[in-house]
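S.K.: Compact mmCIF, C-alpha atoms (C1' of nucleotides), saved as structure16.txt, coming up:
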# COMPACT_ATOMS: atom_id res chain seq x y z
CA MET A 1 0.00 0.00 0.00
CA THR A 2 2.63 2.50 1.03
CA ARG A 3 4.56 2.50 -2.20
CA SER A 4 7.95 3.99 -1.56
CA ARG A 5 8.96 5.79 -4.69
CA SER A 6 11.35 8.36 -3.36
CA ALA A 7 14.38 6.35 -4.44
CA ASN A 8 13.91 6.78 -8.18
CA LYS A 9 13.21 10.42 -8.87
CA ASP A 10 12.97 10.03 -12.64
CA ALA A 11 10.22 7.47 -12.51
CA PRO A 12 7.18 8.79 -14.42
CA GLU A 13 5.02 8.12 -11.43
CA HIS A 14 1.34 8.56 -11.84
CA LEU A 15 -1.02 9.98 -9.35
CA VAL A 16 -3.75 7.78 -7.94
CA LEU A 17 -6.64 10.17 -8.00
CA GLU A 18 -8.88 8.34 -5.58
CA THR A 19 -6.25 8.41 -2.85
CA PHE A 20 -5.16 11.97 -3.51
CA LEU A 21 -6.31 14.09 -0.59
CA PRO A 22 -7.36 17.27 -2.42
CA TYR A 23 -9.45 15.19 -4.79
CA ARG A 24 -11.03 13.15 -2.03
CA LEU A 25 -11.91 16.21 0.00
CA SER A 26 -13.39 17.92 -3.00
CA VAL A 27 -15.60 15.01 -3.98
CA LEU A 28 -16.69 14.28 -0.42
CA ALA A 29 -17.45 17.89 0.46
CA ASN A 30 -19.38 18.32 -2.76
CA ARG A 31 -21.53 15.31 -2.11
CA VAL A 32 -22.21 16.26 1.49
CA SER A 33 -22.94 19.82 0.51
CA ASN A 34 -25.33 18.86 -2.26
CA ALA A 35 -27.16 16.40 -0.06
CA ILE A 36 -27.71 18.84 2.77
CA ALA A 37 -28.49 21.67 0.39
CA GLN A 38 -31.34 19.53 -0.84
CA ASP A 39 -32.67 19.31 2.70
CA TYR A 40 -32.66 23.07 3.10
CA GLU A 41 -34.04 23.70 -0.34
CA ALA A 42 -36.78 21.10 -0.25
CA GLY A 43 -37.87 21.75 3.30
CA PHE A 44 -37.47 25.48 3.63
CA GLY A 45 -36.63 26.98 0.25
CA LEU A 46 -33.27 28.13 1.52
CA ARG A 47 -29.88 27.78 -0.05
CA VAL A 48 -26.68 27.15 1.84
CA PRO A 49 -25.47 30.78 2.09
CA GLU A 50 -28.87 31.86 3.36
CA TRP A 51 -28.94 29.12 5.90
CA ARG A 52 -25.45 29.94 7.14
CA VAL A 53 -26.43 33.53 7.71
CA MET A 54 -29.45 32.42 9.69
CA ALA A 55 -27.39 29.96 11.70
CA VAL A 56 -24.98 32.65 12.84
CA LEU A 57 -27.71 35.17 13.55
CA GLY A 58 -29.60 32.53 15.50
CA ARG A 59 -26.56 31.76 17.56
CA PHE A 60 -25.08 35.17 18.24
CA GLY A 61 -27.95 37.54 17.58
CA ALA A 62 -27.72 40.72 15.50
CA ASN A 63 -24.62 41.18 13.41
CA THR A 64 -23.24 43.24 10.54
CA ALA A 65 -22.57 41.91 7.07
CA THR A 66 -18.84 42.11 7.60
CA GLY A 67 -19.14 40.22 10.87
CA LEU A 68 -21.04 37.50 9.05
CA CYS A 69 -18.30 37.34 6.43
CA HIS A 70 -15.79 36.30 9.02
CA GLN A 71 -18.11 33.94 10.83
CA THR A 72 -19.31 32.11 7.74
CA ALA A 73 -16.17 32.18 5.61
CA MET A 74 -18.22 33.49 2.71
CA ASP A 75 -17.62 36.41 0.40
CA LYS A 76 -19.31 39.67 1.30
CA VAL A 77 -21.11 39.58 -2.02
CA THR A 78 -22.63 36.26 -1.07
CA ILE A 79 -23.70 37.63 2.29
CA SER A 80 -25.24 40.67 0.66
CA ARG A 81 -27.30 38.58 -1.71
CA ALA A 82 -28.34 36.10 0.94
CA ALA A 83 -29.44 38.99 3.14
CA THR A 84 -31.52 40.47 0.33
CA THR A 85 -33.30 37.16 -0.16
CA LEU A 86 -33.88 36.65 3.55
CA LEU A 87 -35.15 40.19 3.86
CA ALA A 88 -37.67 39.65 1.07
CA ARG A 89 -38.92 36.58 2.87
CA LYS A 90 -39.07 38.52 6.12
CA PHE A 91 -36.75 36.14 7.94
CA ILE A 92 -34.43 38.98 8.91
CA THR A 93 -34.49 42.74 9.34
CA ARG A 94 -31.85 45.07 7.97
CA LYS A 95 -31.31 48.43 9.55
CA THR A 96 -28.54 50.98 9.34
CA ASP A 97 -26.27 51.20 12.35
CA PRO A 98 -26.82 54.68 13.85
CA ASP A 99 -23.26 54.71 15.20
CA ASP A 100 -21.70 54.06 11.82
CA ARG A 101 -24.04 54.55 8.94
CA ARG A 102 -21.95 52.51 6.54
CA ARG A 103 -22.88 49.42 8.51
CA THR A 104 -26.13 47.54 8.29
CA ILE A 105 -27.24 45.40 11.16
CA LEU A 106 -28.98 42.15 10.35
CA GLU A 107 -31.21 40.35 12.81
CA LEU A 108 -33.61 37.44 12.74
CA THR A 109 -37.31 38.24 12.86
CA ALA A 110 -39.61 36.13 14.98
CA ALA A 111 -40.54 34.19 11.86
CA GLY A 112 -36.88 33.78 11.01
CA GLN A 113 -36.18 32.53 14.49
CA ARG A 114 -38.93 29.95 14.17
CA VAL A 115 -37.55 28.71 10.86
CA HIS A 116 -34.08 28.63 12.35
CA ASP A 117 -35.30 26.52 15.24
CA GLU A 118 -36.93 24.17 12.78
CA ILE A 119 -33.87 23.73 10.61
CA VAL A 120 -31.31 23.14 13.32
CA PRO A 121 -32.60 19.66 14.22
CA VAL A 122 -32.78 18.75 10.54
CA ALA A 123 -29.19 19.82 10.02
CA LEU A 124 -27.97 18.02 13.10
CA ALA A 125 -29.84 14.90 12.10
CA HIS A 126 -28.20 15.00 8.72
CA GLU A 127 -24.81 15.30 10.35
CA ALA A 128 -25.60 12.48 12.75
CA ASP A 129 -26.63 10.32 9.82
CA LEU A 130 -23.33 11.02 8.13
CA LEU A 131 -21.43 10.09 11.28
CA HIS A 132 -23.51 7.17 12.39
CA THR A 133 -20.94 4.53 11.48
CA LEU A 134 -18.20 6.29 13.43
CA SER A 135 -17.53 5.49 17.05
CA GLN A 136 -17.18 8.21 19.62
CA SER A 137 -13.41 8.04 19.53
CA GLU A 138 -13.40 8.08 15.76
CA ARG A 139 -15.42 11.26 15.79
CA ALA A 140 -12.99 12.84 18.19
CA GLN A 141 -10.16 11.73 15.94
CA LEU A 142 -11.86 13.16 12.88
CA ASP A 143 -12.31 16.43 14.69
CA ARG A 144 -8.63 16.54 15.56
CA LEU A 145 -7.49 15.69 12.06
CA LEU A 146 -9.75 18.23 10.41
CA THR A 147 -8.53 20.87 12.83
CA LYS A 148 -4.95 20.12 11.88
CA LEU A 149 -5.71 20.30 8.21
CA GLN A 150 -7.60 23.54 8.68
CA GLN A 151 -4.67 25.07 10.49
CA GLU A 152 -2.41 24.02 7.66
CA THR A 153 -4.58 25.78 5.09
CA GLU A 154 -4.89 28.85 7.27
CA VAL A 155 -1.15 29.36 7.17
CA THR A 156 -1.09 29.43 3.41
CA ALA A 157 -4.34 31.39 3.34
CA SER A 158 -2.88 34.17 5.43
CA ARG A 159 0.22 34.20 3.24
CA GLU A 160 -2.00 34.64 0.24
CA ASN A 161 -4.00 37.40 1.85
CA ALA A 162 -0.85 39.25 2.76
CA ARG A 163 0.14 39.29 -0.89
CA GLY A 164 -3.31 39.25 -2.41
CA ALA A 165 -4.58 42.29 -0.56
CA ALA A 166 -1.63 44.40 -1.55
CA GLN A 167 -1.26 43.46 -5.18
CA THR A 168 -3.79 43.05 -7.93
CA ARG A 169 -3.38 39.31 -7.80
CA MET B 1 -17.82 20.18 25.25
CA THR B 2 -20.26 17.45 24.41
CA ARG B 3 -23.37 19.33 25.36
CA SER B 4 -26.18 16.85 25.83
CA ARG B 5 -29.30 18.55 24.65
CA SER B 6 -31.45 15.58 23.71
CA ALA B 7 -33.43 15.75 26.94
CA ASN B 8 -35.23 18.98 26.14
CA LYS B 9 -36.55 18.74 22.63
CA ASP B 10 -38.11 22.18 22.64
CA ALA B 11 -34.88 23.95 23.43
CA PRO B 12 -34.11 26.42 20.63
CA GLU B 13 -30.70 24.93 20.19
CA HIS B 14 -28.39 26.71 17.88
CA LEU B 15 -25.92 25.16 15.56
CA VAL B 16 -22.24 25.84 16.06
CA LEU B 17 -21.17 26.39 12.50
CA GLU B 18 -17.46 25.88 12.99
CA THR B 19 -17.97 22.41 14.43
CA PHE B 20 -20.64 21.39 11.94
CA LEU B 21 -19.15 18.74 9.69
CA PRO B 22 -20.72 19.73 6.34
CA TYR B 23 -19.55 23.29 6.89
CA ARG B 24 -16.06 22.28 7.91
CA LEU B 25 -15.66 19.97 4.96
CA SER B 26 -16.90 22.61 2.60
CA VAL B 27 -14.54 25.31 3.82
CA LEU B 28 -11.56 23.00 4.03
CA ALA B 29 -12.08 21.46 0.61
CA ASN B 30 -12.54 24.87 -0.91
CA ARG B 31 -9.32 26.18 0.51
CA VAL B 32 -7.35 23.12 -0.49
CA SER B 33 -8.87 23.14 -3.94
CA ASN B 34 -8.16 26.82 -4.51
CA ALA B 35 -4.60 26.50 -3.31
CA ILE B 36 -3.76 23.57 -5.53
CA ALA B 37 -5.66 25.04 -8.45
CA GLN B 38 -3.30 27.97 -8.20
CA ASP B 39 -0.36 25.60 -8.55
CA TYR B 40 -1.76 24.08 -11.71
CA GLU B 41 -2.83 27.39 -13.13
CA ALA B 42 0.33 29.30 -12.37
CA GLY B 43 2.73 26.53 -13.33
CA PHE B 44 1.02 24.93 -16.28
CA GLY B 45 -2.01 26.98 -17.27
CA LEU B 46 -4.29 24.11 -16.40
CA ARG B 47 -7.48 24.12 -14.39
CA VAL B 48 -8.56 21.35 -12.08
CA PRO B 49 -10.85 19.47 -14.48
CA GLU B 50 -8.15 19.50 -17.14
CA TRP B 51 -5.58 18.22 -14.72
CA ARG B 52 -7.85 15.45 -13.52
CA VAL B 53 -8.36 14.25 -17.04
CA MET B 54 -4.63 14.21 -17.62
CA ALA B 55 -4.03 12.38 -14.36
CA VAL B 56 -6.37 9.55 -15.31
CA LEU B 57 -5.05 9.33 -18.86
CA GLY B 58 -1.51 9.29 -17.54
CA ARG B 59 -2.31 6.50 -15.18
CA PHE B 60 -4.52 4.22 -17.25
CA GLY B 61 -3.76 5.27 -20.81
CA ALA B 62 -6.39 5.93 -23.47
CA ASN B 63 -9.95 6.26 -22.32
CA THR B 64 -13.36 7.44 -23.49
CA ALA B 65 -15.12 10.52 -22.18
CA THR B 66 -17.65 8.40 -20.34
CA GLY B 67 -14.91 6.37 -18.75
CA LEU B 68 -13.32 9.58 -17.54
CA CYS B 69 -16.64 10.69 -16.08
CA HIS B 70 -16.68 7.75 -13.73
CA GLN B 71 -13.00 7.93 -12.88
CA THR B 72 -12.95 11.63 -12.13
CA ALA B 73 -16.42 12.09 -10.60
CA MET B 74 -17.00 15.01 -12.94
CA ASP B 75 -19.89 15.82 -15.20
CA LYS B 76 -19.60 14.76 -18.82
CA VAL B 77 -19.99 18.38 -19.83
CA THR B 78 -16.96 19.26 -17.79
CA ILE B 79 -15.00 16.42 -19.36
CA SER B 80 -16.02 17.51 -22.82
CA ARG B 81 -14.83 21.05 -22.24
CA ALA B 82 -11.62 20.00 -20.55
CA ALA B 83 -10.90 17.70 -23.49
CA THR B 84 -11.50 20.51 -25.98
CA THR B 85 -9.03 22.71 -24.15
CA LEU B 86 -6.43 19.98 -23.84
CA LEU B 87 -6.85 19.15 -27.50
CA ALA B 88 -6.25 22.75 -28.51
CA ARG B 89 -3.06 22.73 -26.49
CA LYS B 90 -2.06 19.42 -28.05
CA PHE B 91 -1.79 17.64 -24.71
CA ILE B 92 -4.19 14.94 -25.86
CA THR B 93 -5.52 13.42 -29.06
CA ARG B 94 -9.16 12.73 -29.71
CA LYS B 95 -10.16 10.09 -32.21
CA THR B 96 -13.38 8.30 -32.93
CA ASP B 97 -13.54 4.71 -31.75
CA PRO B 98 -13.78 2.57 -34.93
CA ASP B 99 -15.71 -0.11 -33.02
CA ASP B 100 -18.37 2.33 -31.85
CA ARG B 101 -18.34 5.62 -33.62
CA ARG B 102 -20.31 7.40 -30.92
CA ARG B 103 -17.32 7.09 -28.65
CA THR B 104 -14.25 9.25 -28.77
CA ILE B 105 -11.00 7.96 -27.40
CA LEU B 106 -8.77 10.40 -25.60
CA GLU B 107 -5.08 9.83 -25.12
CA LEU B 108 -2.10 11.82 -23.92
CA THR B 109 0.32 13.05 -26.55
CA ALA B 110 4.05 12.89 -25.90
CA ALA B 111 3.90 16.53 -24.88
CA GLY B 112 0.93 15.82 -22.66
CA GLN B 113 2.78 12.97 -21.06
CA ARG B 114 5.74 15.22 -20.33
CA VAL B 115 3.51 17.82 -18.70
CA HIS B 116 1.79 15.11 -16.74
CA ASP B 117 5.11 13.83 -15.47
CA GLU B 118 6.01 17.35 -14.45
CA ILE B 119 2.81 18.03 -12.56
CA VAL B 120 2.63 14.80 -10.57
CA PRO B 121 5.52 15.70 -8.27
CA VAL B 122 4.11 19.18 -7.77
CA ALA B 123 0.74 17.76 -6.80
CA LEU B 124 2.25 15.18 -4.48
CA ALA B 125 4.44 17.81 -2.88
CA HIS B 126 1.40 19.94 -2.26
CA GLU B 127 -0.35 17.02 -0.64
CA ALA B 128 2.71 16.21 1.45
CA ASP B 129 2.85 19.81 2.58
CA LEU B 130 -0.76 19.61 3.66
CA LEU B 131 -0.10 16.43 5.61
CA HIS B 132 3.27 17.30 7.02
CA THR B 133 2.04 17.80 10.58
CA LEU B 134 0.32 14.41 10.63
CA SER B 135 2.09 11.31 11.85
CA GLN B 136 2.04 8.13 9.84
CA SER B 137 -0.69 6.64 11.97
CA GLU B 138 -2.73 9.82 11.76
CA ARG B 139 -2.58 9.65 7.99
CA ALA B 140 -3.78 6.08 8.07
CA GLN B 141 -6.57 7.12 10.39
CA LEU B 142 -7.55 9.99 8.15
CA ASP B 143 -7.66 7.63 5.22
CA ARG B 144 -9.95 5.27 7.12
CA LEU B 145 -12.28 8.02 8.28
CA LEU B 146 -12.58 9.59 4.86
CA THR B 147 -13.32 6.20 3.38
CA LYS B 148 -16.12 5.68 5.87
CA LEU B 149 -17.60 9.08 5.14
CA GLN B 150 -17.34 8.47 1.43
CA GLN B 151 -19.17 5.19 1.77
CA GLU B 152 -21.89 6.93 3.72
CA THR B 153 -22.42 9.49 0.97
CA GLU B 154 -22.33 6.81 -1.68
CA VAL B 155 -25.30 5.09 -0.13
CA THR B 156 -27.41 8.17 -0.36
CA ALA B 157 -25.94 9.01 -3.73
CA SER B 158 -26.97 5.67 -5.17
CA ARG B 159 -30.43 6.07 -3.71
CA GLU B 160 -30.68 9.37 -5.46
CA ASN B 161 -29.47 7.98 -8.73
CA ALA B 162 -31.95 5.15 -8.54
CA ARG B 163 -34.73 7.70 -8.38
CA GLY B 164 -33.06 10.40 -10.37
CA ALA B 165 -32.31 8.27 -13.38
CA ALA B 166 -35.82 6.95 -13.68
CA GLN B 167 -37.75 10.13 -13.12
CA THR B 168 -37.31 13.63 -14.40
CA ARG B 169 -35.81 14.58 -11.12
C1' DA C 1 -11.60 72.94 7.89
C1' DA C 2 -10.32 70.60 3.52
C1' DC C 3 -8.39 66.67 1.27
C1' DT C 4 -6.99 62.00 1.01
C1' DA C 5 -7.38 57.24 2.37
C1' DT C 6 -10.02 53.52 4.14
C1' DT C 7 -14.14 50.82 5.15
C1' DC C 8 -18.94 49.19 4.26
C1' DG C 9 -22.18 47.09 1.37
C1' DT C 10 -24.17 46.90 -3.44
C1' DT C 11 -24.05 46.32 -8.40
C1' DG C 12 -21.93 44.91 -12.83
C1' DC C 13 -19.44 41.63 -15.14
C1' DA C 14 -16.95 37.42 -16.42
C1' DA C 15 -16.13 32.59 -15.55
C1' DG C 16 -17.41 27.96 -14.09
C1' DT C 17 -21.08 24.41 -13.40
C1' DG C 18 -24.73 21.27 -14.28
C1' DA C 19 -29.46 20.21 -16.25
C1' DA C 20 -31.84 19.71 -20.49
C1' DA C 21 -32.10 19.49 -25.44
C1' DC C 22 -29.88 17.97 -29.41
C1' DG C 23 -27.78 15.19 -33.49
C1' DA C 24 -25.33 11.09 -34.50
C1' DA C 25 -24.56 6.17 -33.79
C1' DT C 26 -25.94 1.87 -32.01
C1' DT C 27 -28.95 -1.50 -29.92
C1' DT C 28 -33.34 -3.62 -29.20
C1' DA C 29 -38.18 -4.91 -30.52
C1' DG C 30 -41.56 -6.13 -33.49
C1' DC D 1 -35.78 -4.95 -42.15
C1' DT D 2 -37.85 -1.05 -40.13
C1' DA D 3 -38.91 1.74 -36.04
C1' DA D 4 -38.44 2.90 -31.34
C1' DA D 5 -35.34 3.27 -27.53
C1' DT D 6 -30.81 3.98 -25.71
C1' DT D 7 -26.13 5.72 -25.51
C1' DC D 8 -22.40 9.06 -26.56
C1' DG D 9 -20.67 13.53 -26.63
C1' DT D 10 -21.63 18.49 -27.70
C1' DT D 11 -24.16 22.70 -27.35
C1' DT D 12 -27.34 25.78 -25.19
C1' DC D 13 -29.11 27.97 -21.22
C1' DA D 14 -29.97 29.26 -16.44
C1' DC D 15 -27.76 29.79 -12.21
C1' DT D 16 -24.16 30.51 -8.80
C1' DT D 17 -19.85 32.61 -7.58
C1' DG D 18 -16.19 35.87 -6.90
C1' DC D 19 -13.48 39.88 -8.51
C1' DA D 20 -13.55 44.74 -9.64
C1' DA D 21 -15.67 49.09 -9.65
C1' DC D 22 -18.67 52.06 -7.39
C1' DG D 23 -21.14 55.51 -4.14
C1' DA D 24 -21.74 56.52 0.62
C1' DA D 25 -19.81 57.14 5.15
C1' DT D 26 -16.03 57.52 8.28
C1' DA D 27 -11.17 58.11 9.77
C1' DG D 28 -6.83 60.17 9.27
C1' DT D 29 -3.64 64.02 7.68
C1' DT D 30 -1.96 68.48 6.92
Please go through the file and, once you have read it, give me the structure as C-alpha cells.
M.R.:
Amino acid sequence: MTRSRSANKDAPEHLVLETFLPYRLSVLANRVSNAIAQDYEAGFGLRVPEWRVMAVLGRFGANTATGLCHQTAMDKVTISRAATTLLARKFITRKTDPDDRRRTILELTAAGQRVHDEIVPVALAHEADLLHTLSQSERAQLDRLLTKLQQETEVTASRENARGAAQTR
Amino acid sequence: MTRSRSANKDAPEHLVLETFLPYRLSVLANRVSNAIAQDYEAGFGLRVPEWRVMAVLGRFGANTATGLCHQTAMDKVTISRAATTLLARKFITRKTDPDDRRRTILELTAAGQRVHDEIVPVALAHEADLLHTLSQSERAQLDRLLTKLQQETEVTASRENARGAAQTR
DNA sequence: AACTATTCGTTGCAAGTGAAACGAATTTAG
DNA sequence: CTAAATTCGTTTCACTTGCAACGAATAGTT
C-alpha cells in the first residue's frame, strides 16, 4: 500500500486520484454539501449561504454583514445577496447602524427565528446520519485531524492574503 | 464540550457552524482546492478538471469521455470542455472509436505525457505539505475516516441515482 | 476645515457548473 | 428490415460565484 517511490526520482510516477487528498476532499465535500443543500431547499426553500447567515444570527444575535463574512467564511457579495433574499422573505431585518451609517445590522425576525429553530434539528440529524458509522473516539479523531488540516490551510491562506490584498493578484 | 441537549426537545438549540461537519468539509475542501488550483494554473495553465483528465489518462492510458466521467467524478460536460481545451493545447488526441463511432478515445500526446510527469511531483508535494504535521498513523486514520464518510455518501448518492435516473428529477 | 485614504455594502461583469435538449450512432423490438 | 429506444458527446441555457468598480460614510492628515 505505502509504495515507496522516493528512491527513483525520474520514474514517471502517476497519481492515484482516488487516494489523492485534495481530490477526495473535493468530492466528499461536494456530495455532502449537495445532499444537505437539498434538505434546506426542499424543506425550507433556503440555499446554503442563506442558511449559514441564519445559523450565525440565531446563535449570536444581531450582526453586521462584515461580521457575518468572518463567521461564515463566505464572500461579502454572497452575504449581501443572501441577506436580500432573507429580507424579502421577512426572515431577517436590515437596519442601518446609527453609530456608523456605513454598517447595516442584520437580525432574525420572529418568523426567522422559528424557521431557524426548525432547521437546526434537521441539520444536526443530517450530520448524525453522516457520522452514524463512526464510534465516539473516531469522531474525536476526525475532529482533531480536520482541525490540523484547517490550520495548515490557514497558514497558506494568510500568506495569500498578505500578498493578495496588496497586489492586484 | 459534548453538550447533551437531547433531553429537552423544545430547546431552541443553535448550531455551532465551525464544528458542523458539512460546513467544515466545505470550507476545508474549498481552501485546499483553490490552493492547488493555483499551482496548476500558475505553473502549467491548467485548471482542475483538465488536470484530472490528464491524471487519469496518464495512469490508465487511453480512455473514453464516459470512462473519464466515472474515474474523475466530474460531469460529462466538464470532461467535454476539458478535453477541448487539452486538445487545442495538443496535450491529448481525440479520435473516434472505430468499433463504436459514438465514442471518442482520448489519449495523452508525448507533450501531454511530459507535462503530466512534471505536474505529478508538484501535486504530491502539495499534498505532502498539507499532511506534514500528521504522523504516519494519523494519515492512516484519516484515510480510514474519509473512506467511511465516502461510503456513507455513496449510499445516499446511489439512492438518489436510482430515483433520479428513472424520473425527471 | 479641507483633502486624502479607508471601510462598508451593493451592483456589474466574467467565468465555471450542471441540467436539459440535441444530433449522431448503435442497440433492441416487433 | 424497419422503427423505437438507448447511448455518446456536444451545445445551449440558467444559475451561482467571486473579482472589480462604485457611491456613501467615516477616519486620518496636513
S.K.: Here is a test: counting all atoms listed in the file, which residue of B:Gln38, B:Ile105, B:Tyr23, B:Val32 is nearest to Gly67 in chain B?
M.R.: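 Ranked by minimum distance to Gly67 in chain B, first place goes to B:Ile105.
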S.K.: Tell me, in Å to one decimal, how far CA of Asp143 in chain B is from CA of Thr133 in chain A.
M.R.: 15.0 Å
S.K.: What gap, in Å, lies between CA of Arg102 in chain A and CA of Arg52 in chain A?
M.R.: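 Separation of CA of Arg102 in chain A and CA of Arg52 in chain A: 22.8 Å.
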S.K.: For the contact check between chain A and chain C, emit one row per residue of chain A within 12 Å, containing the shortest atom pair and the distance in Å rounded to one decimal, counting all atoms listed in the file, chain then rising number order, as JSON lines.
M.R.:
{"residue": "A:Thr64", "atom": "CA", "partner": "C:DC8", "partner_atom": "C1'", "distance": 9.7}
{"residue": "A:Ala65", "atom": "CA", "partner": "C:DG9", "partner_atom": "C1'", "distance": 7.7}
{"residue": "A:Thr66", "atom": "CA", "partner": "C:DC8", "partner_atom": "C1'", "distance": 7.8}
{"residue": "A:Gly67", "atom": "CA", "partner": "C:DC8", "partner_atom": "C1'", "distance": 11.1}
{"residue": "A:Cys69", "atom": "CA", "partner": "C:DG9", "partner_atom": "C1'", "distance": 11.6}
{"residue": "A:Asp75", "atom": "CA", "partner": "C:DG9", "partner_atom": "C1'", "distance": 11.7}
{"residue": "A:Lys76", "atom": "CA", "partner": "C:DG9", "partner_atom": "C1'", "distance": 8.0}
{"residue": "A:Val77", "atom": "CA", "partner": "C:DT10", "partner_atom": "C1'", "distance": 8.1}
{"residue": "A:Thr78", "atom": "CA", "partner": "C:DT10", "partner_atom": "C1'", "distance": 11.0}
{"residue": "A:Ile79", "atom": "CA", "partner": "C:DG9", "partner_atom": "C1'", "distance": 9.6}
{"residue": "A:Ser80", "atom": "CA", "partner": "C:DG9", "partner_atom": "C1'", "distance": 7.1}
{"residue": "A:Arg81", "atom": "CA", "partner": "C:DT10", "partner_atom": "C1'", "distance": 9.1}
{"residue": "A:Ala83", "atom": "CA", "partner": "C:DG9", "partner_atom": "C1'", "distance": 11.0}
{"residue": "A:Thr84", "atom": "CA", "partner": "C:DT10", "partner_atom": "C1'", "distance": 10.5}
{"residue": "A:Arg94", "atom": "CA", "partner": "C:DG9", "partner_atom": "C1'", "distance": 11.9}
{"residue": "A:Thr96", "atom": "CA", "partner": "C:DG9", "partner_atom": "C1'", "distance": 10.9}
{"residue": "A:Asp97", "atom": "CA", "partner": "C:DC8", "partner_atom": "C1'", "distance": 11.1}
{"residue": "A:Asp100", "atom": "CA", "partner": "C:DC8", "partner_atom": "C1'", "distance": 9.4}
{"residue": "A:Arg101", "atom": "CA", "partner": "C:DC8", "partner_atom": "C1'", "distance": 8.8}
{"residue": "A:Arg102", "atom": "CA", "partner": "C:DC8", "partner_atom": "C1'", "distance": 5.0}
{"residue": "A:Arg103", "atom": "CA", "partner": "C:DC8", "partner_atom": "C1'", "distance": 5.8}
{"residue": "A:Thr104", "atom": "CA", "partner": "C:DG9", "partner_atom": "C1'", "distance": 8.0}
{"residue": "A:Ile105", "atom": "CA", "partner": "C:DG9", "partner_atom": "C1'", "distance": 11.1}
S.K.: I need the contact residues of chain D against chain B, so if you could list those with any atom within 8 Å, counting all atoms listed in the file, and return them as a list of chain:residue names, that would help.
M.R.: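 So the residues of chain D near chain B are D:DC8, D:DG9, D:DT10.
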S.K.: Export C-alpha atoms (C1' of nucleotides) of the chosen residues as a PDB file, keeping the file's coordinate frame?
M.R.:
ATOM      1  C1'  DC D   8     -22.400   9.060 -26.560  1.00  0.00           C
ATOM      2  C1'  DG D   9     -20.670  13.530 -26.630  1.00  0.00           C
ATOM      3  C1'  DT D  10     -21.630  18.490 -27.700  1.00  0.00           C
TER       4       DT D  10
END
